[in-house]
Amino acid sequence: MEADPSLRIGGTPAIETAPCCIGATPQYGDWHPILGFSTPPGRLSMMAFILNALTCALGLLYFIRRGKQCLDFTVTVHFFHLLGCWIYNSRFPSTLTWWLVHIVCTALMAAIGEYLCMRIELREIPLNSAPKSNV
């Protein structure tokens with residue numbers, strides 16, 4: 001089951017922009033006071049990132065369809081997100097909470113995406129054999 005090349009080319013932009021459709025927007029802007037365990041908005045932001053990782057894992061299943069490529073696309077998407085945050089804020093993300101949330105979300109997205117893709121890849125191939133005749 002080889003994926004269509006257009007799906008592979010459009011996979012990364014589609015996975016990067018898909019979370020915006022469900023409301024789990026990327027964390028551009030001033031993220032220092034937003035991410036944190038101590039405040040309700042901080043916990044809500046972290047839950048949005050986890051929801052984003054889960055929905056993007058489904059995007060890996062739809063667009064990528066190969067378990068071996070899930071980690072590559074996951075790291076690429078999160079790298080582009082890091083660049084976007086760095087450019088938008090004009091400073092490199094330096095808070096421990098930001099890095100922990102993104103490492104956990106990267107691991108979740110890669111692991112769940114690979115699991116879903118491997119389930120599809122390992123399905124049995126139906127073999128329709130002709131009825132046997134008694135010889």
# chains A, B, ... in the order shown; residues from 1 in each chain; ligands from 1
>>> residues_around(residues="A:Ala53", least_positions_apart="3", cutoff="8 Å", atoms="only C-alpha atoms", output="MDAnalysis selection string")
chainID A and resid 49:50 56:57 105:106 108:109
>>> residues_around(residues="A:Gln69", least_positions_apart="4", cutoff="12 Å", atoms="only C-alpha atoms", output="MDAnalysis selection string")
chainID A and resid 3 8 11:12 60:61 63:65 73:76 110:111 113:115 117:118
>>> closest_residue(among="A:Leu96, A:Val101, A:Ile120, A:Ile87", to="A:Met46", atoms="only C-alpha atoms")
A:Val101
>>> closest_residue(among="A:Arg66, A:Cys85, A:Phe80, A:Thr97", to="A:Gly42", atoms="only C-alpha atoms")
A:Thr97
>>> closest_residue(among="A:Leu122, A:Val77, A:Ser45, A:Thr95", to="A:Gly59", atoms="only C-alpha atoms")
A:Val77
>>> select_by_dssp(residues="stretch 56-115 of chain A", states="alpha helix (DSSP H)", output="MDAnalysis selection string")
chainID A and resid 56:59 70:89 96:115
